[in-house]
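K.L.:
I'm passing along coords_9.txt; it holds compact mmCIF, C-alpha atoms.
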```
# COMPACT_ATOMS: atom_id res chain seq x y z
CA MET A 20 7.51 -4.09 -24.83
CA GLU A 21 9.36 -7.40 -24.47
CA LYS A 22 11.55 -6.30 -21.64
CA ALA A 23 10.77 -7.93 -18.31
CA HIS A 24 10.95 -5.58 -15.38
CA LYS A 25 12.57 -7.05 -12.33
CA PRO A 26 10.76 -6.65 -9.02
CA LYS A 27 12.17 -3.58 -7.31
CA LYS A 28 12.37 -2.66 -3.71
CA VAL A 29 9.62 -0.17 -2.92
CA PHE A 30 9.52 0.05 0.85
CA VAL A 31 11.83 2.30 2.78
CA GLN A 32 11.94 2.66 6.55
CA GLY A 33 10.70 6.04 7.77
CA PRO A 34 10.26 9.23 5.72
CA ILE A 35 11.63 9.72 2.21
CA SER A 36 14.16 12.56 2.32
CA PRO A 37 14.21 15.46 -0.16
CA ASP A 38 17.88 14.62 -0.63
CA PHE A 39 16.96 11.14 -1.85
CA VAL A 40 14.50 12.68 -4.33
CA ALA A 41 17.18 15.08 -5.59
CA LYS A 42 19.69 12.27 -6.04
CA SER A 43 17.10 10.23 -7.94
CA ILE A 44 16.61 13.11 -10.37
CA ALA A 45 20.34 13.56 -10.80
CA SER A 46 20.85 9.90 -11.58
CA HIS A 47 18.78 10.30 -14.77
CA GLN A 48 21.04 12.85 -16.44
CA SER A 49 22.73 10.15 -18.51
CA LYS A 50 19.38 8.94 -19.93
CA THR A 51 19.16 11.49 -22.69
CA GLY A 52 16.12 9.95 -24.39
CA ILE A 53 14.05 11.35 -21.55
CA GLY A 54 12.30 14.65 -22.17
CA ALA A 55 9.89 14.72 -19.24
CA HIS A 56 9.88 13.59 -15.64
CA ALA A 57 6.76 13.61 -13.51
CA ILE A 58 7.14 13.35 -9.77
CA PHE A 59 4.43 12.80 -7.22
CA LEU A 60 5.20 13.23 -3.54
CA GLY A 61 2.74 12.24 -0.85
CA GLN A 62 3.13 14.32 2.31
CA ILE A 63 1.64 13.67 5.74
CA ARG A 64 -1.10 16.16 6.50
CA ALA A 65 -1.88 17.50 9.98
CA ASP A 66 -5.59 16.64 9.83
CA GLN A 67 -7.66 17.70 12.83
CA LYS A 68 -9.19 14.75 14.65
CA GLU A 69 -11.07 14.36 17.87
CA GLY A 70 -8.23 14.57 20.39
CA GLY A 71 -5.94 16.83 18.39
CA ALA A 72 -3.96 17.15 15.20
CA VAL A 73 -2.36 14.26 13.37
CA THR A 74 1.34 14.24 14.24
CA GLY A 75 2.35 11.43 11.91
CA ILE A 76 1.32 8.17 10.31
CA ASP A 77 2.73 4.81 11.30
CA TYR A 78 2.66 2.64 8.17
CA THR A 79 2.56 -1.13 8.00
CA ALA A 80 1.92 -3.41 5.06
CA TYR A 81 1.11 -6.97 4.14
CA GLU A 82 4.50 -6.81 2.57
CA GLU A 83 4.69 -9.78 0.21
CA MET A 84 1.29 -9.05 -1.29
CA ALA A 85 2.09 -5.35 -1.43
CA GLU A 86 5.37 -5.95 -3.30
CA GLN A 87 3.46 -8.05 -5.82
CA ALA A 88 0.79 -5.36 -6.17
CA PHE A 89 3.49 -2.73 -6.80
CA HIS A 90 5.04 -5.02 -9.40
CA ASP A 91 1.67 -5.45 -11.15
CA ILE A 92 1.11 -1.67 -11.18
CA ARG A 93 4.57 -1.13 -12.68
CA GLU A 94 3.94 -3.68 -15.41
CA ALA A 95 0.54 -2.20 -16.22
CA ALA A 96 1.94 1.33 -16.37
CA PHE A 97 4.76 0.28 -18.71
CA THR A 98 2.16 -1.33 -20.97
CA LYS A 99 -0.25 1.61 -20.92
CA PHE A 100 2.16 4.53 -21.26
CA GLU A 101 5.32 5.30 -23.18
CA LEU A 102 7.74 5.33 -20.28
CA THR A 103 11.51 5.23 -20.16
CA CYS A 104 11.65 4.40 -16.49
CA MET A 105 9.67 4.35 -13.30
CA HIS A 106 10.50 4.39 -9.61
CA ILE A 107 8.12 3.96 -6.71
CA TYR A 108 9.06 4.32 -3.04
CA HIS A 109 6.73 4.09 -0.06
CA SER A 110 7.48 4.47 3.62
CA LEU A 111 6.99 1.94 6.36
CA GLY A 112 7.08 2.88 10.03
CA LEU A 113 6.50 6.34 11.39
CA VAL A 114 6.42 9.33 9.06
CA PRO A 115 5.92 12.64 10.90
CA THR A 116 3.55 15.32 9.65
CA GLY A 117 5.08 17.38 6.86
CA GLU A 118 7.37 14.62 5.66
CA ILE A 119 7.17 12.49 2.55
CA SER A 120 5.72 8.95 2.55
CA LEU A 121 5.27 8.28 -1.16
CA PHE A 122 7.58 9.09 -4.07
CA VAL A 123 6.48 8.20 -7.58
CA PHE A 124 8.91 9.13 -10.33
CA VAL A 125 8.16 8.45 -13.99
CA SER A 126 10.20 9.46 -17.01
CA SER A 127 9.21 9.55 -20.63
CA PRO A 128 10.32 11.12 -23.90
CA HIS A 129 7.24 13.39 -23.70
CA ARG A 130 5.21 15.11 -20.99
CA ARG A 131 1.76 13.64 -21.66
CA ALA A 132 2.77 10.08 -20.84
CA ALA A 133 4.63 11.23 -17.73
CA PHE A 134 1.63 13.20 -16.39
CA GLU A 135 -0.85 10.44 -17.09
CA ALA A 136 1.32 7.62 -15.79
CA SER A 137 2.03 9.35 -12.51
CA GLU A 138 -1.67 9.89 -11.83
CA TYR A 139 -2.52 6.33 -12.81
CA ILE A 140 0.18 4.88 -10.56
CA VAL A 141 -0.80 6.95 -7.52
CA GLU A 142 -4.49 6.05 -7.87
CA GLU A 143 -3.65 2.36 -8.25
CA ILE A 144 -1.43 2.42 -5.16
CA LYS A 145 -4.15 4.04 -3.08
CA ALA A 146 -6.78 1.54 -4.19
CA ASN A 147 -4.93 -1.75 -4.52
CA VAL A 148 -1.83 -2.01 -2.36
CA PRO A 149 -2.33 -3.49 1.14
CA ILE A 150 -0.71 -0.71 3.13
CA PHE A 151 -2.20 0.35 6.45
CA GLY A 152 -1.77 3.65 8.23
CA LYS A 153 -2.21 4.46 11.87
CA GLU A 154 -2.65 8.22 12.30
CA MET A 155 -1.06 9.35 15.53
CA VAL A 156 -3.21 12.01 17.16
CA GLY A 157 -2.37 14.65 19.76
CA GLU A 158 0.01 14.33 22.66
CA ALA A 159 -1.72 11.52 24.53
CA GLY A 160 -0.67 8.78 22.12
CA GLN A 161 -4.15 8.20 20.68
CA HIS A 162 -4.49 6.85 17.17
CA VAL A 163 -7.04 6.39 14.42
CA TRP A 164 -6.73 4.13 11.38
CA LYS A 165 -6.58 5.94 8.09
CA GLU A 166 -8.76 4.91 5.19
CA ASN A 167 -8.23 5.94 1.58
CA THR A 168 -11.30 7.36 -0.12
CA MET B 18 -6.88 -2.74 13.91
CA LEU B 19 -8.12 -6.34 13.57
CA ALA B 20 -5.00 -7.65 15.26
CA GLU B 21 -5.79 -5.32 18.16
CA ILE B 22 -9.21 -6.94 18.51
CA ALA B 23 -7.88 -10.48 18.28
CA GLY B 24 -4.92 -9.67 20.50
CA LEU B 25 -2.62 -11.49 18.11
CA SER B 26 -1.20 -10.96 14.67
CA ASP B 27 -1.48 -14.50 13.41
CA GLU B 28 -3.31 -17.64 14.27
CA VAL B 29 -3.64 -21.20 12.99
CA TRP B 30 -7.15 -22.11 11.87
CA ASN B 31 -7.75 -25.87 11.81
CA GLU B 32 -10.47 -27.01 9.49
CA ALA B 33 -10.85 -30.55 8.19
CA GLY B 34 -13.14 -30.03 5.22
CA GLY B 35 -13.49 -27.45 2.52
CA LEU B 36 -14.37 -24.05 3.86
CA THR B 37 -15.43 -21.12 1.74
CA VAL B 38 -14.21 -17.61 2.40
CA GLY B 39 -17.73 -16.70 3.53
CA GLN B 40 -17.85 -19.59 6.03
CA PHE B 41 -14.41 -18.65 7.29
CA ARG B 42 -15.55 -15.05 7.74
CA ALA B 43 -18.57 -16.23 9.76
CA GLN B 44 -16.34 -18.35 12.02
CA MET B 45 -14.00 -15.39 12.53
CA LEU B 46 -16.87 -13.12 13.49
CA ASP B 47 -18.21 -15.72 15.92
CA LYS B 48 -14.84 -15.89 17.58
CA TYR B 49 -14.18 -12.14 17.49
CA PRO B 50 -17.58 -10.41 17.57
CA ALA B 51 -15.92 -6.99 17.85
CA MET B 52 -14.82 -7.39 14.22
CA ARG B 53 -18.45 -7.24 13.09
CA ASP B 54 -18.42 -3.49 12.79
CA LYS B 55 -15.00 -3.38 11.11
CA LYS B 56 -14.55 -3.31 7.39
CA PHE B 57 -12.10 -5.84 5.96
CA LYS B 58 -11.41 -7.96 2.92
CA ILE B 59 -10.04 -11.48 2.98
CA ALA B 60 -7.02 -12.52 0.96
CA VAL B 61 -6.31 -16.20 0.38
CA ASN B 62 -2.71 -16.83 -0.54
CA GLN B 63 -2.31 -13.10 -1.14
CA LYS B 64 -5.27 -12.81 -3.47
CA ILE B 65 -8.38 -10.92 -2.38
CA SER B 66 -11.19 -13.46 -2.53
CA ASP B 67 -14.98 -13.32 -2.62
CA ASP B 68 -17.14 -15.21 -0.14
CA PHE B 69 -17.96 -18.05 -2.53
CA VAL B 70 -14.30 -19.04 -3.05
CA LEU B 71 -13.35 -22.41 -1.61
CA ILE B 72 -10.21 -22.28 0.51
CA GLU B 73 -7.77 -25.02 -0.39
CA THR B 74 -5.67 -26.06 2.56
CA PRO B 75 -3.09 -25.25 3.60
CA ALA B 76 -3.63 -21.59 2.81
CA GLU B 77 -2.38 -18.30 4.09
CA ILE B 78 -5.41 -16.21 4.90
CA ALA B 79 -5.10 -12.51 5.63
CA LEU B 80 -7.69 -10.06 6.91
CA LEU B 81 -7.10 -6.75 5.20
CA PRO B 82 -8.50 -3.55 6.71
CA PRO B 83 -9.04 -0.55 4.40
CA PHE B 84 -5.91 0.45 2.53
CA ALA B 85 -4.19 3.70 3.44
CA GLY B 86 -1.15 3.89 1.19
CA GLY B 87 0.03 7.15 -0.28
```
Would you mind writing the file's structure down as structure tokens?

P.N.:
Amino acid sequence: MEKAHKPKKVFVQGPISPDFVAKSIASHQSKTGIGAHAIFLGQIRADQKEGGAVTGIDYTAYEEMAEQAFHDIREAAFTKFELTCMHIYHSLGLVPTGEISLFVFVSSPHRRAAFEASEYIVEEIKANVPIFGKEMVGEAGQHVWKENT
Amino acid sequence: MLAEIAGLSDEVWNEAGGLTVGQFRAQMLDKYPAMRDKKFKIAVNQKISDDFVLIETPAEIALLPPFAGG
């Protein structure tokens, strides 16, 4: 594909609202070449830690490098899979348990590319984007740093 | 977590000659011994770099703890 994809804004402050996800879906109704959307939503889990349950994750990032990493993942995904479009949003700041911190939305003429691309993108984000997460634990304001495995 | 150990989020590192990433790491750990048991990678000008890489000055060096995106 010759088309150059402009860097897009990925980071949003705080949780990603279900309303935003719904509006994103609606905005694709005019793209009638699309036959399949795949959506991945990352939600904050109430893991049990020493000191209590996780109440939320406070995200920070090495933002410039992270934006570049997101851009590289986008480019690679467009090369690898037959995609019509792709949107990635990730939270910064505090996201409470039960709310959404990652929204990956890929669209393709056919389902296979959409399924595969969404998995690829999520795995790449987890491994290669410098985002850091402080898990807030219990009532006492303790925290532990999260580590992707 | 590394900034918590150092007590600051950024710092100027003055070095006259060529320093490799590995030498820089050793200097860091001398200055902040509590970082010895922390896991982190080093990015030079936003590129994760191995210990043998020579740091060309001036450079932006970042200590990156384990990633937690998603």

K.L.:
Could you list the residues in chain A lying within 6 Å of chain B, using only C-alpha atoms, and format the result as a PyMOL selection string?

P.N.:
chain A and resi 61+84+121+145+149-152+165-167

K.L.:
Counting all atoms listed in the file, what is within 12 Å of Pro50 in chain B, bar same-chain residues fewer than 6 positions away, as a count of residues only?

P.N.:
6

K.L.:
In Å, how far is it from CA of Gly33 in chain A to CA of Ile140 in chain A?

P.N.:
21.2 Å

K.L.:
Expressed in Å to a single decimal, how great is the separation between CA of Phe39 in chain A and CA of Gly52 in chain A?

P.N.:
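For CA of Phe39 in chain A relative to CA of Gly52 in chain A, the distance reads 22.6 Å.
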
K.L.:
Expressed in Å to a single decimal, how great is the separation between CA of Val70 in chain B and CA of Lys56 in chain B?

P.N.:
18.9 Å

K.L.:
Need the axis-aligned box for range 39-45 of chain B with 5 Å each side, so what are the centre and edges in Å to one decimal, as JSON?

P.N.:
```
{"center_x": -16.3, "center_y": -17.3, "center_z": 8.0, "size_x": 14.6, "size_y": 14.5, "size_z": 19.0}
```

K.L.:
Can you find the residues with an atom no farther than 10 Å from (13.1, 2.2, -21.6), counting only C-alpha atoms, and report them as a list in words?

P.N.:
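Protein and nucleic acid residues near the point are Met20, Lys22, Lys50, Gly52, Ile53, Phe97, Glu101, Leu102, Thr103, Cys104, Met105, Ser126, Ser127 and Pro128 of chain A.
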
K.L.:
Under the rule that all atoms listed in the file are counted, which of A:Val40, A:His129, A:Glu154, A:Ala96 is the nearest residue to Glu142 in chain A?

P.N.:
A:Ala96

K.L.:
Counting all atoms listed in the file, find residues at most 7 Å from (7.3, 3.9, 0.5) (file frame) and give them as a list in words.

P.N.:
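Neighbouring residues, ordered by chain and number, come to Val29, Phe30, Val31, Tyr108, His109, Ser110, Leu111, Ser120, Leu121 and Phe122 of chain A.
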
K.L.:
Tell me which protein, DNA and RNA residues are within 10 Å of Ala85 in chain A, counting all atoms listed in the file, leaving out same-chain ones fewer than 2 positions away, and put them as a ChimeraX atom specification.

P.N.:
/A:29-30,80-83,87-91,144,147-150 /B:63

K.L.:
With distances taken over all atoms listed in the file, which of A:Val163, A:Ile63, A:Ile76, A:Ile107 is nearest to Glu143 in chain A?

P.N.:
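Closest residue, counting all atoms listed in the file: A:Ile107.
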
K.L.:
With distances taken over only C-alpha atoms, which of B:Met45, B:Ile59, B:Glu21, B:Ala51 is nearest to Glu77 in chain B?

P.N.:
B:Ile59

K.L.:
Using only C-alpha atoms, which residues sit within 10 Å of Asp67 in chain B once same-chain residues fewer than 6 positions away are excluded, as a list in words?

P.N.:
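Listed by chain and then number, they are Thr37, Val38, Gly39, Lys58, Ile59, Ala60 and Val61 of chain B.
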